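Visitor: Here you go, coords.txt (compact mmCIF, C-alpha atoms (C1' of nucleotides)):
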# COMPACT_ATOMS: atom_id res chain seq x y z
CA MET A 1 -17.05 -32.05 -15.69
CA THR A 2 -14.10 -30.55 -17.40
CA SER A 3 -14.05 -27.51 -15.15
CA PRO A 4 -14.02 -28.26 -11.41
CA ALA A 5 -17.11 -26.12 -10.79
CA VAL A 6 -16.90 -22.75 -9.15
CA SER A 7 -17.69 -22.73 -5.46
CA SER A 8 -20.69 -20.87 -4.13
CA ARG A 9 -18.38 -18.60 -2.15
CA ASP A 10 -18.12 -15.46 -4.18
CA LEU A 11 -15.90 -12.50 -3.71
CA PRO A 12 -16.64 -8.78 -4.17
CA HIS A 13 -14.99 -7.22 -7.18
CA PRO A 14 -15.19 -3.64 -8.41
CA THR A 15 -16.89 -3.22 -11.78
CA ARG A 16 -14.76 -1.88 -14.59
CA GLU A 17 -16.23 1.57 -14.08
CA GLU A 18 -15.34 1.52 -10.42
CA ILE A 19 -11.65 0.91 -10.99
CA ARG A 20 -9.54 3.95 -10.11
CA LEU A 21 -6.10 4.70 -11.45
CA GLU A 22 -4.93 5.81 -8.03
CA GLY A 23 -6.05 2.52 -6.56
CA VAL A 24 -4.26 0.53 -9.23
CA LEU A 25 -1.05 2.49 -8.74
CA HIS A 26 -1.26 2.08 -5.00
CA ALA A 27 -1.79 -1.64 -5.36
CA LEU A 28 1.25 -1.95 -7.61
CA SER A 29 3.46 0.25 -5.44
CA ASP A 30 4.06 -2.67 -3.10
CA PRO A 31 6.98 -4.89 -4.21
CA MET A 32 5.17 -8.05 -3.16
CA ARG A 33 2.07 -7.23 -5.14
CA LEU A 34 4.03 -6.03 -8.15
CA GLN A 35 5.81 -9.36 -8.16
CA ILE A 36 2.52 -11.23 -8.05
CA VAL A 37 1.20 -9.26 -11.00
CA ARG A 38 4.39 -9.85 -12.96
CA GLU A 39 4.09 -13.59 -12.47
CA LEU A 40 0.43 -13.57 -13.46
CA ALA A 41 1.27 -11.63 -16.59
CA ALA A 42 4.17 -13.90 -17.45
CA VAL A 43 2.04 -17.02 -17.17
CA GLY A 44 -0.91 -15.41 -18.92
CA ASP A 45 -3.29 -17.67 -17.06
CA GLU A 46 -4.91 -18.03 -13.68
CA LEU A 47 -2.77 -19.13 -10.79
CA SER A 48 -3.68 -20.36 -7.35
CA CYS A 49 -2.62 -18.37 -4.32
CA SER A 50 -0.48 -21.25 -3.14
CA HIS A 51 1.52 -21.20 -6.36
CA PHE A 52 3.31 -18.11 -5.14
CA ASP A 53 6.18 -18.59 -2.77
CA LEU A 54 6.25 -15.26 -1.04
CA PRO A 55 8.50 -14.46 1.94
CA VAL A 56 5.51 -13.70 4.16
CA THR A 57 2.94 -15.70 6.05
CA LYS A 58 -0.28 -16.94 4.52
CA SER A 59 -2.23 -14.25 6.35
CA THR A 60 -0.22 -11.54 4.70
CA THR A 61 -0.50 -13.23 1.33
CA THR A 62 -4.28 -13.25 1.67
CA HIS A 63 -4.13 -9.54 2.48
CA HIS A 64 -2.12 -8.71 -0.65
CA PHE A 65 -4.42 -10.67 -2.93
CA ARG A 66 -7.39 -8.87 -1.44
CA VAL A 67 -5.80 -5.48 -2.11
CA LEU A 68 -5.16 -6.50 -5.71
CA ARG A 69 -8.73 -7.71 -6.12
CA GLU A 70 -10.37 -4.70 -4.49
CA SER A 71 -8.33 -2.32 -6.62
CA GLY A 72 -9.49 -4.14 -9.75
CA VAL A 73 -6.11 -5.48 -10.83
CA ILE A 74 -7.00 -9.15 -10.50
CA GLN A 75 -10.11 -11.29 -10.38
CA GLN A 76 -10.44 -14.16 -7.99
CA VAL A 77 -12.64 -17.21 -8.00
CA TYR A 78 -12.76 -20.31 -5.88
CA ARG A 79 -12.27 -23.64 -7.61
CA GLY A 80 -12.45 -26.35 -5.06
CA THR A 81 -10.05 -25.56 -2.25
CA ALA A 82 -7.94 -23.42 -4.53
CA LYS A 83 -8.54 -19.75 -5.15
CA MET A 84 -7.58 -18.89 -8.69
CA ASN A 85 -6.21 -15.47 -9.56
CA GLY A 86 -6.24 -13.86 -12.97
CA LEU A 87 -5.19 -10.48 -14.28
CA ARG A 88 -8.08 -8.25 -15.38
CA LYS A 89 -6.14 -7.34 -18.49
CA ASP A 90 -9.16 -6.58 -20.65
CA ASP A 91 -10.65 -4.20 -18.11
CA LEU A 92 -7.36 -2.45 -17.44
CA ASP A 93 -6.56 -2.14 -21.13
CA GLY A 94 -10.04 -0.81 -21.77
CA LEU A 95 -9.71 1.86 -19.12
CA PHE A 96 -6.02 2.66 -19.47
CA PRO A 97 -4.80 1.62 -22.92
CA GLY A 98 -1.26 0.37 -22.93
CA LEU A 99 -0.62 1.18 -19.31
CA LEU A 100 -0.36 -2.36 -18.03
CA ASP A 101 2.15 -3.40 -20.67
CA ARG A 102 4.31 -0.38 -19.95
CA LEU A 103 4.19 -1.05 -16.26
CA LEU A 104 5.21 -4.66 -16.76
CA ASP A 105 7.97 -3.59 -19.10
CA ALA A 106 9.16 -1.02 -16.59
CA ALA A 107 9.18 -3.61 -13.83
CA ALA A 108 11.10 -6.06 -16.02
CA ARG A 109 13.69 -3.43 -16.94
CA GLN A 110 14.18 -2.52 -13.33
CA ALA A 111 14.53 -6.17 -12.35
CA VAL A 112 17.26 -6.59 -14.94
CA ARG A 113 18.94 -3.38 -13.90
CA LEU A 114 18.95 -4.17 -10.20
CA GLY A 115 19.36 -7.92 -10.38
CA GLY A 116 22.44 -7.48 -12.51
CA ALA A 117 21.22 -10.47 -14.49
CA MET B 1 21.52 38.48 -15.09
CA THR B 2 19.06 36.80 -17.34
CA SER B 3 18.45 33.94 -14.97
CA PRO B 4 17.70 34.92 -11.39
CA ALA B 5 20.56 32.81 -10.08
CA VAL B 6 19.99 29.58 -8.25
CA SER B 7 20.10 29.86 -4.51
CA SER B 8 22.78 28.14 -2.50
CA ARG B 9 20.10 26.12 -0.76
CA ASP B 10 20.14 22.79 -2.47
CA LEU B 11 17.79 19.90 -2.18
CA PRO B 12 18.55 16.18 -2.14
CA HIS B 13 17.49 14.35 -5.27
CA PRO B 14 17.85 10.67 -6.10
CA THR B 15 20.11 9.97 -9.05
CA ARG B 16 18.52 8.38 -12.07
CA GLU B 17 19.83 4.99 -10.99
CA GLU B 18 18.30 5.37 -7.57
CA ILE B 19 14.77 5.90 -8.85
CA ARG B 20 12.52 2.95 -8.07
CA LEU B 21 9.37 2.04 -9.92
CA GLU B 22 7.59 1.25 -6.68
CA GLY B 23 8.45 4.68 -5.35
CA VAL B 24 7.20 6.40 -8.48
CA LEU B 25 3.94 4.46 -8.39
CA HIS B 26 3.47 5.23 -4.73
CA ALA B 27 4.09 8.91 -5.36
CA LEU B 28 1.52 8.97 -8.13
CA SER B 29 -1.07 6.99 -6.20
CA ASP B 30 -2.07 10.10 -4.29
CA PRO B 31 -4.70 12.19 -6.12
CA MET B 32 -3.09 15.44 -5.07
CA ARG B 33 0.32 14.46 -6.36
CA LEU B 34 -1.08 12.97 -9.54
CA GLN B 35 -2.79 16.29 -10.19
CA ILE B 36 0.46 18.17 -9.66
CA VAL B 37 2.26 15.95 -12.13
CA ARG B 38 -0.51 16.33 -14.68
CA GLU B 39 -0.25 20.10 -14.48
CA LEU B 40 3.52 20.02 -14.78
CA ALA B 41 3.24 17.79 -17.83
CA ALA B 42 0.57 19.98 -19.40
CA VAL B 43 2.65 23.12 -19.02
CA GLY B 44 5.86 21.37 -20.03
CA ASP B 45 7.90 23.80 -18.01
CA GLU B 46 8.88 24.47 -14.43
CA LEU B 47 6.28 25.83 -12.08
CA SER B 48 6.58 27.36 -8.65
CA CYS B 49 4.94 25.67 -5.70
CA SER B 50 2.67 28.63 -5.21
CA HIS B 51 1.30 28.28 -8.73
CA PHE B 52 -0.73 25.31 -7.59
CA ASP B 53 -4.00 25.99 -5.86
CA LEU B 54 -4.45 22.82 -3.88
CA PRO B 55 -7.22 22.27 -1.34
CA VAL B 56 -4.72 21.72 1.45
CA THR B 57 -2.51 23.91 3.59
CA LYS B 58 0.95 25.00 2.54
CA SER B 59 2.48 22.55 4.97
CA THR B 60 0.79 19.67 3.24
CA THR B 61 1.72 21.03 -0.16
CA THR B 62 5.36 21.10 0.87
CA HIS B 63 5.02 17.49 1.99
CA HIS B 64 3.63 16.37 -1.37
CA PHE B 65 6.34 18.11 -3.34
CA ARG B 66 8.94 16.48 -1.18
CA VAL B 67 7.49 13.04 -1.82
CA LEU B 68 7.53 13.72 -5.56
CA ARG B 69 11.13 14.91 -5.41
CA GLU B 70 12.40 12.07 -3.24
CA SER B 71 10.76 9.49 -5.47
CA GLY B 72 12.49 11.03 -8.49
CA VAL B 73 9.37 12.25 -10.28
CA ILE B 74 10.24 15.93 -10.15
CA GLN B 75 13.30 18.07 -9.66
CA GLN B 76 13.25 21.16 -7.49
CA VAL B 77 15.46 24.19 -7.39
CA TYR B 78 15.25 27.46 -5.55
CA ARG B 79 15.14 30.60 -7.63
CA GLY B 80 14.94 33.54 -5.34
CA THR B 81 12.08 32.98 -2.95
CA ALA B 82 10.35 30.66 -5.36
CA LYS B 83 10.94 26.95 -5.55
CA MET B 84 10.61 25.78 -9.12
CA ASN B 85 9.36 22.30 -9.92
CA GLY B 86 10.00 20.39 -13.12
CA LEU B 87 9.14 16.89 -14.27
CA ARG B 88 12.16 14.58 -14.64
CA LYS B 89 10.79 13.38 -17.93
CA ASP B 90 14.15 12.44 -19.44
CA ASP B 91 15.12 10.33 -16.47
CA LEU B 92 11.75 8.62 -16.25
CA ASP B 93 11.62 7.97 -19.98
CA GLY B 94 15.14 6.61 -19.84
CA LEU B 95 14.33 4.19 -17.07
CA PHE B 96 10.75 3.33 -17.99
CA PRO B 97 10.18 4.05 -21.69
CA GLY B 98 6.69 5.26 -22.46
CA LEU B 99 5.42 4.79 -18.95
CA LEU B 100 4.97 8.44 -18.06
CA ASP B 101 2.98 9.20 -21.20
CA ARG B 102 0.69 6.24 -20.61
CA LEU B 103 0.16 7.26 -17.02
CA LEU B 104 -0.72 10.79 -18.04
CA ASP B 105 -3.02 9.49 -20.73
CA ALA B 106 -4.67 7.15 -18.24
CA ALA B 107 -5.15 9.99 -15.78
CA ALA B 108 -6.64 12.20 -18.49
CA ARG B 109 -9.05 9.48 -19.59
CA GLN B 110 -10.18 8.90 -16.06
CA ALA B 111 -10.67 12.62 -15.50
CA VAL B 112 -12.89 12.78 -18.57
CA ARG B 113 -14.75 9.66 -17.55
CA LEU B 114 -15.41 10.81 -14.00
CA GLY B 115 -15.71 14.51 -14.56
CA GLY B 116 -18.28 13.96 -17.25
CA ALA B 117 -16.63 16.83 -19.07
C1' DC C 1 -16.47 -39.95 9.03
C1' DG C 2 -11.68 -38.19 9.57
C1' DA C 3 -7.66 -36.07 8.17
C1' DC C 4 -5.45 -32.98 5.35
C1' DT C 5 -4.92 -28.80 2.41
C1' DC C 6 -6.11 -24.23 1.18
C1' DG C 7 -7.39 -20.12 2.41
C1' DT C 8 -10.12 -16.72 5.86
C1' DA C 9 -11.16 -14.03 9.97
C1' DC C 10 -9.83 -11.60 13.78
C1' DG C 11 -6.95 -9.28 16.92
C1' DA C 12 -2.59 -7.19 17.84
C1' DT C 13 1.32 -4.41 16.70
C1' DA C 14 4.34 -1.34 14.73
C1' DG C 15 5.32 1.84 11.38
C1' DG C 16 3.99 5.01 7.70
C1' DC C 17 1.52 8.94 6.06
C1' DA C 18 -1.80 12.85 4.96
C1' DT C 19 -3.20 16.54 7.33
C1' DC C 20 -2.99 20.58 10.27
C1' DG C 21 -1.14 24.74 12.98
C1' DT C 22 2.43 27.46 14.53
C1' DA C 23 6.75 29.24 14.50
C1' DG C 24 10.68 30.15 11.88
C1' DT C 25 14.18 30.90 7.78
C1' DA C 26 15.61 32.70 3.17
C1' DC C 27 15.25 36.06 -0.22
C1' DG C 28 14.00 40.39 -2.64
C1' DG C 29 12.22 45.14 -2.68
C1' DG C 30 11.24 49.56 -0.86
C1' DC D 1 17.05 47.96 7.47
C1' DC D 2 12.50 46.34 7.71
C1' DC D 3 8.74 44.10 5.74
C1' DG D 4 6.31 40.96 2.87
C1' DT D 5 6.36 36.72 0.30
C1' DA D 6 7.61 31.92 -0.28
C1' DC D 7 8.52 28.00 1.66
C1' DT D 8 10.26 24.95 5.74
C1' DA D 9 10.58 22.61 10.21
C1' DC D 10 8.54 20.53 13.91
C1' DG D 11 5.13 18.48 16.67
C1' DA D 12 0.53 16.45 17.00
C1' DT D 13 -3.19 13.67 15.42
C1' DG D 14 -5.79 10.17 13.38
C1' DC D 15 -6.02 6.92 9.82
C1' DC D 16 -4.19 3.37 6.91
C1' DT D 17 -1.41 -0.73 6.24
C1' DA D 18 2.04 -4.53 6.28
C1' DT D 19 2.98 -7.99 9.18
C1' DC D 20 2.22 -11.77 12.36
C1' DG D 21 -0.12 -15.72 15.07
C1' DT D 22 -3.87 -18.40 16.07
C1' DA D 23 -8.19 -20.24 15.44
C1' DC D 24 -11.57 -21.41 12.10
C1' DG D 25 -14.40 -22.80 7.57
C1' DA D 26 -14.72 -25.02 3.04
C1' DG D 27 -13.57 -28.61 0.09
C1' DT D 28 -11.24 -33.10 -1.30
C1' DC D 29 -9.70 -37.69 -0.71
C1' DG D 30 -9.07 -42.00 1.68
As a first step, turn the structure in this file into structure tokens.

Guide:
Amino acid sequence: MTSPAVSSRDLPHPTREEIRLEGVLHALSDPMRLQIVRELAAVGDELSCSHFDLPVTKSTTTHHFRVLRESGVIQQVYRGTAKMNGLRKDDLDGLFPGLLDRLLDAAARQAVRLGGA
Amino acid sequence: MTSPAVSSRDLPHPTREEIRLEGVLHALSDPMRLQIVRELAAVGDELSCSHFDLPVTKSTTTHHFRVLRESGVIQQVYRGTAKMNGLRKDDLDGLFPGLLDRLLDAAARQAVRLGGA
DNA sequence: CGACTCGTACGATAGGCATCGTAGTACGGG
DNA sequence: CCCGTACTACGATGCCTATCGTACGAGTCG
């Protein structure tokens, strides 16, 4: 097959209607999670958890991805041993038009401002 | 005097450069605080703390206003016995162009969607 | 099968935070 | 000067959460 077949293990996601702005903001208020979302947005594709080199243990990484999934920011699916993560851009844009782009822009501006680069 | 004179009591505010996106998002991830900001934006002027009729005690209200001030979302100044609260729209727009408006729009859409009204 | 990789589950811990109640301070008006 | 109003300060409480370590499960490859 071209696609490695999705594992039977499935993960609970909120429906679009269940996504709450407060939850999204809370999820993004953590620097680690904001960084994850920025990388996902920059790549514009799904990324495995192990792609991210975060300064925390794997346990903590799992925790952050779960928060992002349960708040509706990302969707996750197993593909073999890898767990692929993708931004739920369509759902977020549908609920909160333009918000995601402004948030990403704001994060990028701040990174430039603080990083000095 | 035309203006009731600002009290000598002054409150610590972050400078524009000290405002952090994560802090702003965290401040707005609380329903109570998001509501306060929505009202401030709707009025477009300063409001006293006592103007807000929140379903919590005054102690808790004080706490929420402090979080909003320390994150840089609002500015506070004493005027007589009243403490006036104003959105730091210029600072936020300067740092994160368009973000505040999108957030307010997102909050309004969600209120319509959930409130049914 | 066996080993290896990826990610999870669970328990522990430490800190943060939303909330309350009570007691207290600052200011303005009678 | 005294009182009422507006807000604060402080302590307590219970919940949430970011973090870790270790042990485990699921899948792939030799």

Visitor: Using all atoms listed in the file, find the one residue out of B:Val6, B:Gln35, B:Ala108, B:Pro14 that sits nearest to Glu70 (chain B).

Guide: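 So, comparing all the options, the nearest one is B:Pro14.
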
Visitor: Which chain D residues have any atom within 9 Å of an atom of chain B, and for each, what is the nearest pair of atoms with distance in Å to one decimal, counting only C-alpha atoms (C1' of nucleotides), rows sorted by chain and number, as a Markdown table?

Guide:
| residue | atom | partner | partner_atom | distance |
| --- | --- | --- | --- | --- |
| D:DT5 | C1' | B:Thr81 | CA | 7.6 |
| D:DA6 | C1' | B:Thr81 | CA | 5.3 |
| D:DC7 | C1' | B:Thr62 | CA | 7.6 |
| D:DT8 | C1' | B:Thr62 | CA | 7.9 |

Visitor: Which residue gives the smallest distance to Asp91 (chain B) among B:Ala111, B:Gly23, B:Val73, B:Val56, with all atoms listed in the file counted?

Guide: B:Val73

Visitor: Which neighbours of region 12-22 of chain C fall inside 10 Å, counting only C-alpha atoms (C1' of nucleotides), when residues of the same chain fewer than 6 positions from it are skipped, and could you give them as a PyMOL selection string?

Guide: (chain B and resi 30+56-60+63-64) or (chain D and resi 10-21)

Visitor: Store the residues picked out above, limited to C-alpha atoms (C1' of nucleotides), as a short mmCIF file (atom, residue, chain, number, x, y, z; two decimals), in the coordinates of the input.

Guide:
data_model
loop_
_atom_site.label_atom_id
_atom_site.label_comp_id
_atom_site.auth_asym_id
_atom_site.auth_seq_id
_atom_site.Cartn_x
_atom_site.Cartn_y
_atom_site.Cartn_z
CA ASP B 30 -2.07 10.10 -4.29
CA VAL B 56 -4.72 21.72 1.45
CA THR B 57 -2.51 23.91 3.59
CA LYS B 58 0.95 25.00 2.54
CA SER B 59 2.48 22.55 4.97
CA THR B 60 0.79 19.67 3.24
CA HIS B 63 5.02 17.49 1.99
CA HIS B 64 3.63 16.37 -1.37
"C1'" DC D 10 8.54 20.53 13.91
"C1'" DG D 11 5.13 18.48 16.67
"C1'" DA D 12 0.53 16.45 17.00
"C1'" DT D 13 -3.19 13.67 15.42
"C1'" DG D 14 -5.79 10.17 13.38
"C1'" DC D 15 -6.02 6.92 9.82
"C1'" DC D 16 -4.19 3.37 6.91
"C1'" DT D 17 -1.41 -0.73 6.24
"C1'" DA D 18 2.04 -4.53 6.28
"C1'" DT D 19 2.98 -7.99 9.18
"C1'" DC D 20 2.22 -11.77 12.36
"C1'" DG D 21 -0.12 -15.72 15.07
#

Visitor: Take CA of Leu25 (chain A) and CA of Ser29 (chain B) and report the distance between them in Å, one decimal.

Guide: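 These two atoms are separated by 5.2 Å.
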
Visitor: Rotate and translate chain A onto chain B via least squares on all in-order Cα pairs, then write the result as a PDB file with C-alpha atoms, in the frame of the given file.

Guide:
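Result written to selection_7.pdb:
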ATOM      1  CA  MET A   1      21.377  38.276 -15.449  1.00  0.00           C
ATOM      2  CA  THR A   2      18.766  36.616 -17.523  1.00  0.00           C
ATOM      3  CA  SER A   3      18.268  33.795 -15.053  1.00  0.00           C
ATOM      4  CA  PRO A   4      17.571  34.884 -11.465  1.00  0.00           C
ATOM      5  CA  ALA A   5      20.469  32.820 -10.102  1.00  0.00           C
ATOM      6  CA  VAL A   6      19.920  29.614  -8.229  1.00  0.00           C
ATOM      7  CA  SER A   7      20.028  29.935  -4.470  1.00  0.00           C
ATOM      8  CA  SER A   8      22.712  28.215  -2.454  1.00  0.00           C
ATOM      9  CA  ARG A   9      20.052  26.128  -0.729  1.00  0.00           C
ATOM     10  CA  ASP A  10      20.122  22.814  -2.480  1.00  0.00           C
ATOM     11  CA  LEU A  11      17.814  19.902  -2.154  1.00  0.00           C
ATOM     12  CA  PRO A  12      18.575  16.158  -2.133  1.00  0.00           C
ATOM     13  CA  HIS A  13      17.477  14.324  -5.238  1.00  0.00           C
ATOM     14  CA  PRO A  14      17.849  10.647  -6.082  1.00  0.00           C
ATOM     15  CA  THR A  15      20.126   9.925  -9.035  1.00  0.00           C
ATOM     16  CA  ARG A  16      18.522   8.326 -12.051  1.00  0.00           C
ATOM     17  CA  GLU A  17      19.829   4.943 -10.972  1.00  0.00           C
ATOM     18  CA  GLU A  18      18.292   5.325  -7.555  1.00  0.00           C
ATOM     19  CA  ILE A  19      14.775   5.868  -8.838  1.00  0.00           C
ATOM     20  CA  ARG A  20      12.500   2.914  -8.084  1.00  0.00           C
ATOM     21  CA  LEU A  21       9.350   2.033  -9.953  1.00  0.00           C
ATOM     22  CA  GLU A  22       7.565   1.237  -6.716  1.00  0.00           C
ATOM     23  CA  GLY A  23       8.444   4.652  -5.372  1.00  0.00           C
ATOM     24  CA  VAL A  24       7.194   6.383  -8.492  1.00  0.00           C
ATOM     25  CA  LEU A  25       3.922   4.465  -8.417  1.00  0.00           C
ATOM     26  CA  HIS A  26       3.457   5.217  -4.754  1.00  0.00           C
ATOM     27  CA  ALA A  27       4.093   8.890  -5.348  1.00  0.00           C
ATOM     28  CA  LEU A  28       1.515   8.982  -8.131  1.00  0.00           C
ATOM     29  CA  SER A  29      -1.081   6.983  -6.209  1.00  0.00           C
ATOM     30  CA  ASP A  30      -2.056  10.103  -4.291  1.00  0.00           C
ATOM     31  CA  PRO A  31      -4.696  12.202  -6.110  1.00  0.00           C
ATOM     32  CA  MET A  32      -3.064  15.451  -5.040  1.00  0.00           C
ATOM     33  CA  ARG A  33       0.332  14.463  -6.341  1.00  0.00           C
ATOM     34  CA  LEU A  34      -1.066  12.986  -9.535  1.00  0.00           C
ATOM     35  CA  GLN A  35      -2.770  16.295 -10.170  1.00  0.00           C
ATOM     36  CA  ILE A  36       0.470  18.178  -9.635  1.00  0.00           C
ATOM     37  CA  VAL A  37       2.276  15.951 -12.105  1.00  0.00           C
ATOM     38  CA  ARG A  38      -0.498  16.348 -14.657  1.00  0.00           C
ATOM     39  CA  GLU A  39      -0.241  20.118 -14.462  1.00  0.00           C
ATOM     40  CA  LEU A  40       3.537  20.020 -14.765  1.00  0.00           C
ATOM     41  CA  ALA A  41       3.252  17.799 -17.806  1.00  0.00           C
ATOM     42  CA  ALA A  42       0.586  19.970 -19.381  1.00  0.00           C
ATOM     43  CA  VAL A  43       2.672  23.110 -19.003  1.00  0.00           C
ATOM     44  CA  GLY A  44       5.868  21.356 -20.034  1.00  0.00           C
ATOM     45  CA  ASP A  45       7.902  23.785 -17.986  1.00  0.00           C
ATOM     46  CA  GLU A  46       8.887  24.459 -14.414  1.00  0.00           C
ATOM     47  CA  LEU A  47       6.274  25.812 -12.073  1.00  0.00           C
ATOM     48  CA  SER A  48       6.562  27.355  -8.651  1.00  0.00           C
ATOM     49  CA  CYS A  49       4.944  25.647  -5.696  1.00  0.00           C
ATOM     50  CA  SER A  50       2.664  28.616  -5.191  1.00  0.00           C
ATOM     51  CA  HIS A  51       1.280  28.265  -8.703  1.00  0.00           C
ATOM     52  CA  PHE A  52      -0.742  25.293  -7.553  1.00  0.00           C
ATOM     53  CA  ASP A  53      -3.987  25.979  -5.797  1.00  0.00           C
ATOM     54  CA  LEU A  54      -4.414  22.821  -3.814  1.00  0.00           C
ATOM     55  CA  PRO A  55      -7.177  22.290  -1.232  1.00  0.00           C
ATOM     56  CA  VAL A  56      -4.650  21.747   1.554  1.00  0.00           C
ATOM     57  CA  THR A  57      -2.438  23.920   3.690  1.00  0.00           C
ATOM     58  CA  LYS A  58       1.022  25.025   2.664  1.00  0.00           C
ATOM     59  CA  SER A  59       2.572  22.521   5.054  1.00  0.00           C
ATOM     60  CA  THR A  60       0.858  19.664   3.319  1.00  0.00           C
ATOM     61  CA  THR A  61       1.767  21.039  -0.083  1.00  0.00           C
ATOM     62  CA  THR A  62       5.423  21.103   0.935  1.00  0.00           C
ATOM     63  CA  HIS A  63       5.079  17.483   2.037  1.00  0.00           C
ATOM     64  CA  HIS A  64       3.658  16.363  -1.317  1.00  0.00           C
ATOM     65  CA  PHE A  65       6.359  18.113  -3.310  1.00  0.00           C
ATOM     66  CA  ARG A  66       8.986  16.467  -1.148  1.00  0.00           C
ATOM     67  CA  VAL A  67       7.498  13.025  -1.786  1.00  0.00           C
ATOM     68  CA  LEU A  68       7.535  13.708  -5.519  1.00  0.00           C
ATOM     69  CA  ARG A  69      11.136  14.888  -5.382  1.00  0.00           C
ATOM     70  CA  GLU A  70      12.413  12.045  -3.215  1.00  0.00           C
ATOM     71  CA  SER A  71      10.761   9.473  -5.455  1.00  0.00           C
ATOM     72  CA  GLY A  72      12.493  11.003  -8.475  1.00  0.00           C
ATOM     73  CA  VAL A  73       9.383  12.227 -10.268  1.00  0.00           C
ATOM     74  CA  ILE A  74      10.248  15.915 -10.116  1.00  0.00           C
ATOM     75  CA  GLN A  75      13.313  18.067  -9.627  1.00  0.00           C
ATOM     76  CA  GLN A  76      13.243  21.145  -7.487  1.00  0.00           C
ATOM     77  CA  VAL A  77      15.449  24.189  -7.374  1.00  0.00           C
ATOM     78  CA  TYR A  78      15.224  27.470  -5.558  1.00  0.00           C
ATOM     79  CA  ARG A  79      15.100  30.626  -7.643  1.00  0.00           C
ATOM     80  CA  GLY A  80      14.851  33.559  -5.359  1.00  0.00           C
ATOM     81  CA  THR A  81      11.972  33.021  -2.972  1.00  0.00           C
ATOM     82  CA  ALA A  82      10.281  30.675  -5.394  1.00  0.00           C
ATOM     83  CA  LYS A  83      10.934  26.965  -5.559  1.00  0.00           C
ATOM     84  CA  MET A  84      10.620  25.781  -9.121  1.00  0.00           C
ATOM     85  CA  ASN A  85       9.385  22.291  -9.912  1.00  0.00           C
ATOM     86  CA  GLY A  86      10.011  20.376 -13.099  1.00  0.00           C
ATOM     87  CA  LEU A  87       9.171  16.887 -14.266  1.00  0.00           C
ATOM     88  CA  ARG A  88      12.182  14.575 -14.616  1.00  0.00           C
ATOM     89  CA  LYS A  89      10.826  13.377 -17.931  1.00  0.00           C
ATOM     90  CA  ASP A  90      14.177  12.433 -19.429  1.00  0.00           C
ATOM     91  CA  ASP A  91      15.150  10.300 -16.455  1.00  0.00           C
ATOM     92  CA  LEU A  92      11.770   8.608 -16.238  1.00  0.00           C
ATOM     93  CA  ASP A  93      11.647   7.959 -19.968  1.00  0.00           C
ATOM     94  CA  GLY A  94      15.168   6.587 -19.842  1.00  0.00           C
ATOM     95  CA  LEU A  95      14.327   4.170 -17.065  1.00  0.00           C
ATOM     96  CA  PHE A  96      10.751   3.329 -18.006  1.00  0.00           C
ATOM     97  CA  PRO A  97      10.191   4.045 -21.700  1.00  0.00           C
ATOM     98  CA  GLY A  98       6.728   5.277 -22.466  1.00  0.00           C
ATOM     99  CA  LEU A  99       5.432   4.800 -18.964  1.00  0.00           C
ATOM    100  CA  LEU A 100       4.992   8.441 -18.079  1.00  0.00           C
ATOM    101  CA  ASP A 101       3.016   9.226 -21.214  1.00  0.00           C
ATOM    102  CA  ARG A 102       0.721   6.278 -20.628  1.00  0.00           C
ATOM    103  CA  LEU A 103       0.179   7.284 -17.054  1.00  0.00           C
ATOM    104  CA  LEU A 104      -0.685  10.829 -18.056  1.00  0.00           C
ATOM    105  CA  ASP A 105      -2.989   9.540 -20.752  1.00  0.00           C
ATOM    106  CA  ALA A 106      -4.649   7.207 -18.277  1.00  0.00           C
ATOM    107  CA  ALA A 107      -5.134  10.039 -15.813  1.00  0.00           C
ATOM    108  CA  ALA A 108      -6.592  12.271 -18.528  1.00  0.00           C
ATOM    109  CA  ARG A 109      -9.007   9.559 -19.661  1.00  0.00           C
ATOM    110  CA  GLN A 110     -10.156   8.982 -16.133  1.00  0.00           C
ATOM    111  CA  ALA A 111     -10.629  12.706 -15.568  1.00  0.00           C
ATOM    112  CA  VAL A 112     -12.838  12.877 -18.638  1.00  0.00           C
ATOM    113  CA  ARG A 113     -14.722   9.771 -17.634  1.00  0.00           C
ATOM    114  CA  LEU A 114     -15.391  10.896 -14.084  1.00  0.00           C
ATOM    115  CA  GLY A 115     -15.712  14.613 -14.675  1.00  0.00           C
ATOM    116  CA  GLY A 116     -18.360  13.969 -17.280  1.00  0.00           C
ATOM    117  CA  ALA A 117     -16.762  16.769 -19.269  1.00  0.00           C
TER     118      ALA A 117
END

Visitor: Which chain A residues have any atom within 6 Å of an atom of chain B, and for each, what is the nearest pair of atoms with distance in Å to one decimal, counting only C-alpha atoms, rows sorted by chain and number, as CSV?

Guide:
residue,atom,partner,partner_atom,distance
A:Glu22,CA,B:Ser29,CA,4.4
A:Leu25,CA,B:Ser29,CA,5.2
A:His26,CA,B:Ser29,CA,5.1
A:Ser29,CA,B:Glu22,CA,4.4
A:Phe96,CA,B:Ala106,CA,4.8
A:Leu99,CA,B:Arg102,CA,5.4
A:Arg102,CA,B:Leu99,CA,5.4
A:Ala106,CA,B:Phe96,CA,4.8

Visitor: Those residues with C-alpha atoms, as an mmCIF file, in the coordinates of the input please?

Guide:
data_model
loop_
_atom_site.group_PDB
_atom_site.id
_atom_site.type_symbol
_atom_site.label_atom_id
_atom_site.label_comp_id
_atom_site.auth_asym_id
_atom_site.auth_seq_id
_atom_site.Cartn_x
_atom_site.Cartn_y
_atom_site.Cartn_z
ATOM 1 C CA GLU A 22 -4.930 5.810 -8.030
ATOM 2 C CA LEU A 25 -1.050 2.490 -8.740
ATOM 3 C CA HIS A 26 -1.260 2.080 -5.000
ATOM 4 C CA SER A 29 3.460 0.250 -5.440
ATOM 5 C CA PHE A 96 -6.020 2.660 -19.470
ATOM 6 C CA LEU A 99 -0.620 1.180 -19.310
ATOM 7 C CA ARG A 102 4.310 -0.380 -19.950
ATOM 8 C CA ALA A 106 9.160 -1.020 -16.590
#
